[in-house]
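Trainee: Data: upload31.txt, compact mmCIF, N, CA and C atoms.
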# COMPACT_ATOMS: atom_id res chain seq x y z
N MET G 22 153.87 100.15 -25.91
CA MET G 22 154.10 101.40 -25.20
C MET G 22 155.29 102.11 -25.82
N ILE G 23 155.14 103.40 -26.00
CA ILE G 23 156.20 104.25 -26.54
C ILE G 23 156.69 105.10 -25.38
N GLU G 24 158.00 105.11 -25.14
CA GLU G 24 158.58 105.91 -24.07
C GLU G 24 159.78 106.66 -24.61
N PHE G 25 159.88 107.94 -24.24
CA PHE G 25 161.06 108.71 -24.62
C PHE G 25 161.22 109.90 -23.68
N THR G 26 162.43 110.42 -23.65
CA THR G 26 162.76 111.59 -22.83
C THR G 26 163.30 112.67 -23.73
N VAL G 27 162.80 113.88 -23.54
CA VAL G 27 163.29 115.04 -24.28
C VAL G 27 164.15 115.83 -23.29
N PRO G 28 165.48 115.83 -23.46
CA PRO G 28 166.33 116.55 -22.52
C PRO G 28 166.19 118.06 -22.67
N GLY G 29 166.50 118.76 -21.61
CA GLY G 29 166.43 120.22 -21.63
C GLY G 29 165.12 120.71 -21.05
N ARG G 30 165.03 122.00 -20.88
CA ARG G 30 163.84 122.62 -20.27
C ARG G 30 162.60 122.41 -21.14
N PRO G 31 161.54 121.82 -20.59
CA PRO G 31 160.29 121.71 -21.34
C PRO G 31 159.77 123.10 -21.72
N ARG G 32 159.35 123.24 -22.95
CA ARG G 32 158.90 124.54 -23.47
C ARG G 32 157.39 124.56 -23.66
N PRO G 33 156.76 125.62 -23.20
CA PRO G 33 155.31 125.74 -23.43
C PRO G 33 155.03 126.13 -24.88
N LYS G 34 153.86 125.78 -25.36
CA LYS G 34 153.40 126.20 -26.68
C LYS G 34 153.11 127.70 -26.60
N GLN G 35 153.79 128.47 -27.44
CA GLN G 35 153.54 129.91 -27.47
C GLN G 35 152.41 130.22 -28.43
N ARG G 36 151.73 131.31 -28.19
CA ARG G 36 150.63 131.72 -29.05
C ARG G 36 151.16 132.11 -30.43
N PRO G 37 150.37 131.87 -31.47
CA PRO G 37 150.78 132.32 -32.81
C PRO G 37 150.95 133.85 -32.81
N ARG G 38 151.87 134.31 -33.63
CA ARG G 38 152.15 135.74 -33.72
C ARG G 38 151.74 136.26 -35.09
N LYS G 39 151.52 137.56 -35.16
CA LYS G 39 151.18 138.21 -36.42
C LYS G 39 152.42 138.94 -36.92
N GLY G 40 152.84 138.62 -38.15
CA GLY G 40 154.02 139.22 -38.75
C GLY G 40 153.74 140.62 -39.30
N LYS G 41 154.81 141.25 -39.81
CA LYS G 41 154.72 142.60 -40.35
C LYS G 41 153.68 142.73 -41.45
N HIS G 42 153.57 141.70 -42.27
CA HIS G 42 152.69 141.75 -43.44
C HIS G 42 151.35 141.06 -43.20
N GLY G 43 151.00 140.87 -41.90
CA GLY G 43 149.72 140.27 -41.56
C GLY G 43 149.70 138.75 -41.54
N ASN G 44 150.86 138.14 -41.86
CA ASN G 44 150.91 136.67 -41.83
C ASN G 44 150.96 136.19 -40.37
N ILE G 45 150.40 135.02 -40.14
CA ILE G 45 150.39 134.40 -38.81
C ILE G 45 151.48 133.34 -38.81
N TYR G 46 152.30 133.31 -37.73
CA TYR G 46 153.37 132.33 -37.65
C TYR G 46 153.54 131.84 -36.22
N THR G 47 154.14 130.65 -36.09
CA THR G 47 154.47 130.08 -34.79
C THR G 47 155.87 130.58 -34.42
N PRO G 48 156.06 131.07 -33.20
CA PRO G 48 157.38 131.55 -32.80
C PRO G 48 158.47 130.48 -32.97
N GLN G 49 159.66 130.93 -33.34
CA GLN G 49 160.79 130.05 -33.63
C GLN G 49 161.11 129.10 -32.47
N GLU G 50 161.08 129.61 -31.24
CA GLU G 50 161.41 128.78 -30.08
C GLU G 50 160.46 127.58 -29.98
N THR G 51 159.18 127.81 -30.23
CA THR G 51 158.19 126.73 -30.20
C THR G 51 158.45 125.74 -31.33
N GLN G 52 158.72 126.22 -32.53
CA GLN G 52 159.00 125.34 -33.66
C GLN G 52 160.21 124.45 -33.38
N GLU G 53 161.26 125.03 -32.82
CA GLU G 53 162.48 124.26 -32.53
C GLU G 53 162.21 123.18 -31.49
N TYR G 54 161.46 123.53 -30.45
CA TYR G 54 161.16 122.53 -29.42
C TYR G 54 160.30 121.40 -29.99
N GLU G 55 159.32 121.72 -30.81
CA GLU G 55 158.47 120.69 -31.40
C GLU G 55 159.28 119.77 -32.32
N ARG G 56 160.25 120.32 -33.05
CA ARG G 56 161.13 119.48 -33.88
C ARG G 56 161.98 118.56 -33.01
N LYS G 57 162.45 119.08 -31.88
CA LYS G 57 163.24 118.28 -30.95
C LYS G 57 162.40 117.12 -30.40
N VAL G 58 161.17 117.41 -30.01
CA VAL G 58 160.25 116.37 -29.53
C VAL G 58 160.05 115.31 -30.61
N ALA G 59 159.81 115.76 -31.83
CA ALA G 59 159.58 114.83 -32.95
C ALA G 59 160.79 113.93 -33.15
N TRP G 60 161.99 114.48 -33.04
CA TRP G 60 163.21 113.68 -33.23
C TRP G 60 163.32 112.57 -32.19
N TYR G 61 163.10 112.91 -30.91
CA TYR G 61 163.17 111.89 -29.85
C TYR G 61 162.03 110.89 -29.96
N ALA G 62 160.86 111.34 -30.36
CA ALA G 62 159.72 110.43 -30.57
C ALA G 62 160.01 109.48 -31.72
N LEU G 63 160.59 109.99 -32.79
CA LEU G 63 160.93 109.16 -33.95
C LEU G 63 161.93 108.07 -33.57
N LYS G 64 162.91 108.42 -32.75
CA LYS G 64 163.88 107.41 -32.27
C LYS G 64 163.16 106.32 -31.48
N ALA G 65 162.21 106.71 -30.64
CA ALA G 65 161.47 105.74 -29.82
C ALA G 65 160.55 104.87 -30.67
N MET G 66 160.12 105.39 -31.82
CA MET G 66 159.18 104.68 -32.69
C MET G 66 159.85 103.69 -33.63
N GLN G 67 161.16 103.65 -33.69
CA GLN G 67 161.83 102.77 -34.65
C GLN G 67 161.31 101.34 -34.54
N GLY G 68 160.83 100.83 -35.66
CA GLY G 68 160.30 99.48 -35.71
C GLY G 68 158.86 99.37 -35.24
N LYS G 69 158.23 100.49 -34.90
CA LYS G 69 156.85 100.47 -34.42
C LYS G 69 155.99 101.31 -35.36
N ASN G 70 154.72 100.95 -35.44
CA ASN G 70 153.77 101.71 -36.24
C ASN G 70 153.11 102.79 -35.40
N LYS G 71 152.70 103.86 -36.08
CA LYS G 71 151.93 104.90 -35.40
C LYS G 71 150.70 104.27 -34.77
N ILE G 72 150.28 104.83 -33.66
CA ILE G 72 149.06 104.36 -33.00
C ILE G 72 147.88 105.03 -33.70
N THR G 73 146.96 104.21 -34.20
CA THR G 73 145.85 104.76 -34.99
C THR G 73 144.58 104.98 -34.19
N GLY G 74 144.46 104.33 -33.06
CA GLY G 74 143.25 104.48 -32.25
C GLY G 74 143.49 105.40 -31.06
N PRO G 75 142.60 105.31 -30.07
CA PRO G 75 142.73 106.14 -28.87
C PRO G 75 144.04 105.85 -28.13
N VAL G 76 144.59 106.88 -27.49
CA VAL G 76 145.84 106.72 -26.74
C VAL G 76 145.71 107.31 -25.34
N GLY G 77 146.54 106.81 -24.46
CA GLY G 77 146.76 107.40 -23.15
C GLY G 77 148.15 108.00 -23.16
N VAL G 78 148.34 109.09 -22.44
CA VAL G 78 149.63 109.77 -22.40
C VAL G 78 149.96 110.13 -20.95
N GLU G 79 151.19 109.86 -20.57
CA GLU G 79 151.70 110.31 -19.27
C GLU G 79 152.91 111.19 -19.55
N ILE G 80 152.91 112.38 -18.95
CA ILE G 80 154.00 113.34 -19.12
C ILE G 80 154.50 113.74 -17.74
N ARG G 81 155.81 113.60 -17.56
CA ARG G 81 156.45 114.06 -16.33
C ARG G 81 157.43 115.16 -16.71
N LEU G 82 157.18 116.37 -16.21
CA LEU G 82 158.01 117.53 -16.53
C LEU G 82 158.93 117.83 -15.36
N TYR G 83 160.20 118.03 -15.66
CA TYR G 83 161.20 118.31 -14.63
C TYR G 83 161.82 119.68 -14.87
N PHE G 84 161.82 120.52 -13.82
CA PHE G 84 162.36 121.88 -13.90
C PHE G 84 163.31 122.12 -12.74
N LYS G 85 164.32 122.97 -13.00
CA LYS G 85 165.19 123.45 -11.92
C LYS G 85 164.44 124.56 -11.20
N GLY G 86 164.65 124.66 -9.91
CA GLY G 86 164.10 125.78 -9.17
C GLY G 86 162.59 125.75 -9.06
N LYS G 87 162.04 126.86 -8.59
CA LYS G 87 160.61 126.93 -8.30
C LYS G 87 159.78 127.47 -9.45
N ARG G 88 160.41 128.17 -10.39
CA ARG G 88 159.65 128.79 -11.49
C ARG G 88 159.55 127.83 -12.67
N ALA G 89 158.33 127.62 -13.10
CA ALA G 89 158.10 126.72 -14.23
C ALA G 89 156.88 127.21 -15.00
N PRO G 90 156.83 126.98 -16.31
CA PRO G 90 155.67 127.39 -17.10
C PRO G 90 154.45 126.53 -16.79
N ASP G 91 153.31 126.95 -17.31
CA ASP G 91 152.08 126.18 -17.15
C ASP G 91 152.25 124.81 -17.80
N ILE G 92 151.89 123.77 -17.07
CA ILE G 92 152.12 122.42 -17.60
C ILE G 92 151.18 122.10 -18.76
N ASP G 93 150.00 122.71 -18.82
CA ASP G 93 149.09 122.42 -19.93
C ASP G 93 149.67 122.93 -21.25
N ASN G 94 150.35 124.08 -21.22
CA ASN G 94 150.97 124.59 -22.45
C ASN G 94 152.19 123.76 -22.86
N CYS G 95 152.89 123.17 -21.88
CA CYS G 95 154.00 122.27 -22.21
C CYS G 95 153.46 121.01 -22.88
N ALA G 96 152.32 120.52 -22.41
CA ALA G 96 151.71 119.33 -23.02
C ALA G 96 151.36 119.62 -24.47
N LYS G 97 150.88 120.82 -24.79
CA LYS G 97 150.54 121.17 -26.17
C LYS G 97 151.77 121.09 -27.08
N SER G 98 152.91 121.58 -26.61
CA SER G 98 154.14 121.50 -27.41
C SER G 98 154.54 120.05 -27.65
N LEU G 99 154.43 119.25 -26.60
CA LEU G 99 154.78 117.83 -26.73
C LEU G 99 153.83 117.12 -27.70
N PHE G 100 152.53 117.38 -27.57
CA PHE G 100 151.56 116.77 -28.49
C PHE G 100 151.86 117.15 -29.93
N ASP G 101 152.10 118.43 -30.18
CA ASP G 101 152.37 118.87 -31.55
C ASP G 101 153.65 118.26 -32.10
N GLY G 102 154.63 118.04 -31.24
CA GLY G 102 155.85 117.36 -31.68
C GLY G 102 155.63 115.90 -32.01
N MET G 103 154.66 115.27 -31.35
CA MET G 103 154.39 113.85 -31.59
C MET G 103 153.47 113.61 -32.78
N LEU G 104 152.79 114.66 -33.26
CA LEU G 104 151.85 114.49 -34.38
C LEU G 104 152.56 113.91 -35.60
N ASN G 105 151.90 112.96 -36.23
CA ASN G 105 152.39 112.27 -37.42
C ASN G 105 153.64 111.44 -37.16
N VAL G 106 154.01 111.28 -35.90
CA VAL G 106 155.12 110.40 -35.53
C VAL G 106 154.58 109.27 -34.65
N VAL G 107 153.96 109.64 -33.53
CA VAL G 107 153.41 108.65 -32.60
C VAL G 107 151.93 108.41 -32.89
N PHE G 108 151.20 109.48 -33.19
CA PHE G 108 149.77 109.40 -33.54
C PHE G 108 149.47 110.49 -34.55
N ASP G 109 148.28 110.42 -35.16
CA ASP G 109 147.93 111.37 -36.22
C ASP G 109 147.24 112.64 -35.74
N ASP G 110 146.58 112.59 -34.61
CA ASP G 110 145.78 113.72 -34.17
C ASP G 110 145.71 113.70 -32.65
N ASP G 111 145.89 114.86 -32.01
CA ASP G 111 145.83 114.86 -30.55
C ASP G 111 144.42 114.62 -30.00
N ARG G 112 143.43 114.59 -30.89
CA ARG G 112 142.09 114.18 -30.46
C ARG G 112 142.04 112.70 -30.11
N GLN G 113 143.08 111.96 -30.49
CA GLN G 113 143.17 110.54 -30.11
C GLN G 113 143.44 110.37 -28.62
N VAL G 114 143.91 111.40 -27.96
CA VAL G 114 144.26 111.31 -26.54
C VAL G 114 142.97 111.24 -25.72
N LYS G 115 142.78 110.09 -25.07
CA LYS G 115 141.59 109.87 -24.25
C LYS G 115 141.90 109.92 -22.77
N GLU G 116 143.17 109.79 -22.42
CA GLU G 116 143.60 109.86 -21.03
C GLU G 116 144.91 110.62 -21.00
N LEU G 117 145.02 111.56 -20.06
CA LEU G 117 146.24 112.35 -19.92
C LEU G 117 146.59 112.47 -18.45
N ARG G 118 147.81 112.09 -18.15
CA ARG G 118 148.36 112.27 -16.80
C ARG G 118 149.58 113.17 -16.96
N ILE G 119 149.60 114.29 -16.24
CA ILE G 119 150.73 115.21 -16.36
C ILE G 119 151.11 115.69 -14.96
N SER G 120 152.41 115.75 -14.72
CA SER G 120 152.89 116.20 -13.42
C SER G 120 154.17 117.01 -13.58
N ARG G 121 154.40 117.89 -12.60
CA ARG G 121 155.57 118.76 -12.60
C ARG G 121 156.43 118.39 -11.39
N HIS G 122 157.76 118.35 -11.63
CA HIS G 122 158.70 117.96 -10.58
C HIS G 122 159.90 118.88 -10.61
N ARG G 123 160.62 118.93 -9.49
CA ARG G 123 161.87 119.68 -9.46
C ARG G 123 163.04 118.70 -9.50
N ASP G 124 164.04 119.05 -10.30
CA ASP G 124 165.22 118.22 -10.43
C ASP G 124 166.33 119.08 -11.01
N ARG G 125 167.56 118.69 -10.81
CA ARG G 125 168.69 119.43 -11.39
C ARG G 125 168.74 119.29 -12.90
N GLU G 126 168.24 118.17 -13.40
CA GLU G 126 168.27 117.91 -14.85
C GLU G 126 166.88 118.15 -15.43
N GLU G 127 166.74 119.24 -16.20
CA GLU G 127 165.44 119.55 -16.79
C GLU G 127 165.17 118.62 -17.97
N ARG G 128 163.91 118.18 -18.09
CA ARG G 128 163.55 117.24 -19.14
C ARG G 128 162.04 117.02 -19.14
N ALA G 129 161.57 116.36 -20.20
CA ALA G 129 160.19 115.90 -20.28
C ALA G 129 160.24 114.40 -20.55
N GLU G 130 159.62 113.63 -19.71
CA GLU G 130 159.52 112.18 -19.91
C GLU G 130 158.11 111.89 -20.40
N VAL G 131 158.02 111.13 -21.48
CA VAL G 131 156.73 110.88 -22.12
C VAL G 131 156.50 109.38 -22.29
N ARG G 132 155.29 108.95 -21.97
CA ARG G 132 154.85 107.57 -22.23
C ARG G 132 153.52 107.64 -22.96
N VAL G 133 153.39 106.87 -24.03
CA VAL G 133 152.15 106.83 -24.81
C VAL G 133 151.79 105.37 -25.02
N TRP G 134 150.53 105.03 -24.83
CA TRP G 134 150.09 103.65 -25.00
C TRP G 134 148.73 103.63 -25.69
N PRO G 135 148.43 102.53 -26.40
CA PRO G 135 147.09 102.38 -26.98
C PRO G 135 146.07 102.27 -25.85
N GLU G 136 145.01 103.02 -25.96
CA GLU G 136 143.97 103.05 -24.92
C GLU G 136 142.82 102.15 -25.37
N VAL G 137 142.43 101.25 -24.47
CA VAL G 137 141.30 100.37 -24.76
C VAL G 137 140.10 100.98 -24.04
N LEU G 138 139.13 101.41 -24.81
CA LEU G 138 137.94 102.03 -24.23
C LEU G 138 136.82 101.02 -24.06
N ALA G 139 136.23 101.03 -22.87
CA ALA G 139 135.05 100.20 -22.63
C ALA G 139 133.83 101.00 -23.05
N GLU G 140 133.06 100.47 -23.94
CA GLU G 140 131.86 101.17 -24.45
C GLU G 140 130.64 100.74 -23.67
So that I can check it, write out the structure of this file as structure tokens.

Mentor:
Amino acid sequence: MIEFTVPGRPRPKQRPRKGKHGNIYTPQETQEYERKVAWYALKAMQGKNKITGPVGVEIRLYFKGKRAPDIDNCAKSLFDGMLNVVFDDDRQVKELRISRHRDREERAEVRVWPEVLAE
């Protein structure tokens, strides 16, 4: 099982933007958050191999106050941050549990485990 916490406000995955010259890019805020996720995931992975088969993921999102972004978009940012660190492709996710909570300390708590599928 891989477990890690990303401190700070969980960030939703923003839509790609079109630049002045027609190029498509990911907004800077999203890129920074995904790098932050990757850094904490990498710390949690020390001494462990990437999971190559199906995985289960549990995400607990903590926000101050009543206003919070859509949790599905936050999951996308977390998945993209974990790519090539915890697993190779988010299509490996066979089970997802995600919940939103209120707390004074904003953060995302993530647990990832190898999923055993009964065929």

Trainee: Restricting the calculation to only C-alpha atoms, which member of G:Arg132, G:Lys69, G:His122, G:Lys64 is positioned closest to G:Ile92?

Mentor: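 Ranking G:Arg132, G:Lys69, G:His122, G:Lys64 by distance to G:Ile92, first place goes to G:His122.
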
Trainee: Do you have the atom C of G:Leu99-atom CA of G:Asn44 distance handy?

Mentor: 24.3 Å

Trainee: Report, in Å with one decimal, the straight-line distance from atom CA of G:Pro135 to atom N of G:Arg123.

Mentor: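 Rounded to one decimal, the two atoms are 27.6 Å apart.
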
Trainee: Choose the residue, out of G:Val137, G:Val131, G:Cys95, G:Leu63, that has the smallest atom-to-atom separation from G:Ile23; count only N, CA and C atoms.

Mentor: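 Among the listed residues, the smallest separation from G:Ile23 belongs to G:Val131.
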
Trainee: Quick one: distance from atom C of G:Thr73 to atom N of G:Phe108 in Å, one decimal?

Mentor: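 So the answer is 8.1 Å.
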
Trainee: If we draw a sphere of 8 Å around (153.0, 117.9, -21.6), which residues have at least one atom in it when counting only C-alpha atoms? Please report them as a PyMOL selection string.

Mentor: chain G and resi 80-82+92-100+119+129+131

Trainee: Using all atoms listed in the file, which protein or nucleic acid residues come within 8 Å of G:Trp134? Drop anything in the same chain fewer than 6 positions from it, and give the result as a count of residues only.

Mentor: 10

Trainee: Neighbours of G:Gly86 within 7 Å (only N, CA and C atoms; same-chain residues fewer than 2 positions away dropped), as a ChimeraX atom specification?

Mentor: /G:84,88-89,123-125

Trainee: Report the residues of stretch 46-120 of chain G whose backbone DSSP state falls under helix (DSSP H, G or I), written as a ChimeraX atom specification.

Mentor: /G:49-66,92-103,111-113

Trainee: Hey, can you spit out that residue selection with N, CA and C atoms as a short mmCIF file (atom, residue, chain, number, x, y, z; two decimals), keeping the file's coordinate frame?

Mentor:
data_model
loop_
_atom_site.label_atom_id
_atom_site.label_comp_id
_atom_site.auth_asym_id
_atom_site.auth_seq_id
_atom_site.Cartn_x
_atom_site.Cartn_y
_atom_site.Cartn_z
N GLN G 49 159.66 130.93 -33.34
CA GLN G 49 160.79 130.05 -33.63
C GLN G 49 161.11 129.10 -32.47
N GLU G 50 161.08 129.61 -31.24
CA GLU G 50 161.41 128.78 -30.08
C GLU G 50 160.46 127.58 -29.98
N THR G 51 159.18 127.81 -30.23
CA THR G 51 158.19 126.73 -30.20
C THR G 51 158.45 125.74 -31.33
N GLN G 52 158.72 126.22 -32.53
CA GLN G 52 159.00 125.34 -33.66
C GLN G 52 160.21 124.45 -33.38
N GLU G 53 161.26 125.03 -32.82
CA GLU G 53 162.48 124.26 -32.53
C GLU G 53 162.21 123.18 -31.49
N TYR G 54 161.46 123.53 -30.45
CA TYR G 54 161.16 122.53 -29.42
C TYR G 54 160.30 121.40 -29.99
N GLU G 55 159.32 121.72 -30.81
CA GLU G 55 158.47 120.69 -31.40
C GLU G 55 159.28 119.77 -32.32
N ARG G 56 160.25 120.32 -33.05
CA ARG G 56 161.13 119.48 -33.88
C ARG G 56 161.98 118.56 -33.01
N LYS G 57 162.45 119.08 -31.88
CA LYS G 57 163.24 118.28 -30.95
C LYS G 57 162.40 117.12 -30.40
N VAL G 58 161.17 117.41 -30.01
CA VAL G 58 160.25 116.37 -29.53
C VAL G 58 160.05 115.31 -30.61
N ALA G 59 159.81 115.76 -31.83
CA ALA G 59 159.58 114.83 -32.95
C ALA G 59 160.79 113.93 -33.15
N TRP G 60 161.99 114.48 -33.04
CA TRP G 60 163.21 113.68 -33.23
C TRP G 60 163.32 112.57 -32.19
N TYR G 61 163.10 112.91 -30.91
CA TYR G 61 163.17 111.89 -29.85
C TYR G 61 162.03 110.89 -29.96
N ALA G 62 160.86 111.34 -30.36
CA ALA G 62 159.72 110.43 -30.57
C ALA G 62 160.01 109.48 -31.72
N LEU G 63 160.59 109.99 -32.79
CA LEU G 63 160.93 109.16 -33.95
C LEU G 63 161.93 108.07 -33.57
N LYS G 64 162.91 108.42 -32.75
CA LYS G 64 163.88 107.41 -32.27
C LYS G 64 163.16 106.32 -31.48
N ALA G 65 162.21 106.71 -30.64
CA ALA G 65 161.47 105.74 -29.82
C ALA G 65 160.55 104.87 -30.67
N MET G 66 160.12 105.39 -31.82
CA MET G 66 159.18 104.68 -32.69
C MET G 66 159.85 103.69 -33.63
N ILE G 92 151.89 123.77 -17.07
CA ILE G 92 152.12 122.42 -17.60
C ILE G 92 151.18 122.10 -18.76
N ASP G 93 150.00 122.71 -18.82
CA ASP G 93 149.09 122.42 -19.93
C ASP G 93 149.67 122.93 -21.25
N ASN G 94 150.35 124.08 -21.22
CA ASN G 94 150.97 124.59 -22.45
C ASN G 94 152.19 123.76 -22.86
N CYS G 95 152.89 123.17 -21.88
CA CYS G 95 154.00 122.27 -22.21
C CYS G 95 153.46 121.01 -22.88
N ALA G 96 152.32 120.52 -22.41
CA ALA G 96 151.71 119.33 -23.02
C ALA G 96 151.36 119.62 -24.47
N LYS G 97 150.88 120.82 -24.79
CA LYS G 97 150.54 121.17 -26.17
C LYS G 97 151.77 121.09 -27.08
N SER G 98 152.91 121.58 -26.61
CA SER G 98 154.14 121.50 -27.41
C SER G 98 154.54 120.05 -27.65
N LEU G 99 154.43 119.25 -26.60
CA LEU G 99 154.78 117.83 -26.73
C LEU G 99 153.83 117.12 -27.70
N PHE G 100 152.53 117.38 -27.57
CA PHE G 100 151.56 116.77 -28.49
C PHE G 100 151.86 117.15 -29.93
N ASP G 101 152.10 118.43 -30.18
CA ASP G 101 152.37 118.87 -31.55
C ASP G 101 153.65 118.26 -32.10
N GLY G 102 154.63 118.04 -31.24
CA GLY G 102 155.85 117.36 -31.68
C GLY G 102 155.63 115.90 -32.01
N MET G 103 154.66 115.27 -31.35
CA MET G 103 154.39 113.85 -31.59
C MET G 103 153.47 113.61 -32.78
N ASP G 111 145.89 114.86 -32.01
CA ASP G 111 145.83 114.86 -30.55
C ASP G 111 144.42 114.62 -30.00
N ARG G 112 143.43 114.59 -30.89
CA ARG G 112 142.09 114.18 -30.46
C ARG G 112 142.04 112.70 -30.11
N GLN G 113 143.08 111.96 -30.49
CA GLN G 113 143.17 110.54 -30.11
C GLN G 113 143.44 110.37 -28.62
#

Trainee: Using only N, CA and C atoms for the distances, tell me which of G:Lys71, G:Lys34, G:Arg118, G:Arg128 is nearest to G:Tyr83.

Mentor: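 Closest candidate: G:Arg128.
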
Trainee: Mind the document's chain letters and residue numbers, and return as a ChimeraX atom specification the residues of stretch 33-118 of chain G that DSSP labels strand (DSSP E).

Mentor: /G:38-39,45-46,76-84,114-118

Trainee: Using only N, CA and C atoms for the distances, tell me which of G:Pro31, G:Pro90, G:Gly43, G:Gly68 is nearest to G:Glu127.

Mentor: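 Using only N, CA and C atoms, G:Glu127 sits closest to G:Pro31.
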
Trainee: At a cut-off of 10 Å, using only C-alpha atoms, what residues contact G:Tyr61? Leave out same-chain residues fewer than 2 positions from it and give the result as a PyMOL selection string.

Mentor: chain G and resi 24-28+56-59+63-66+102-103+106
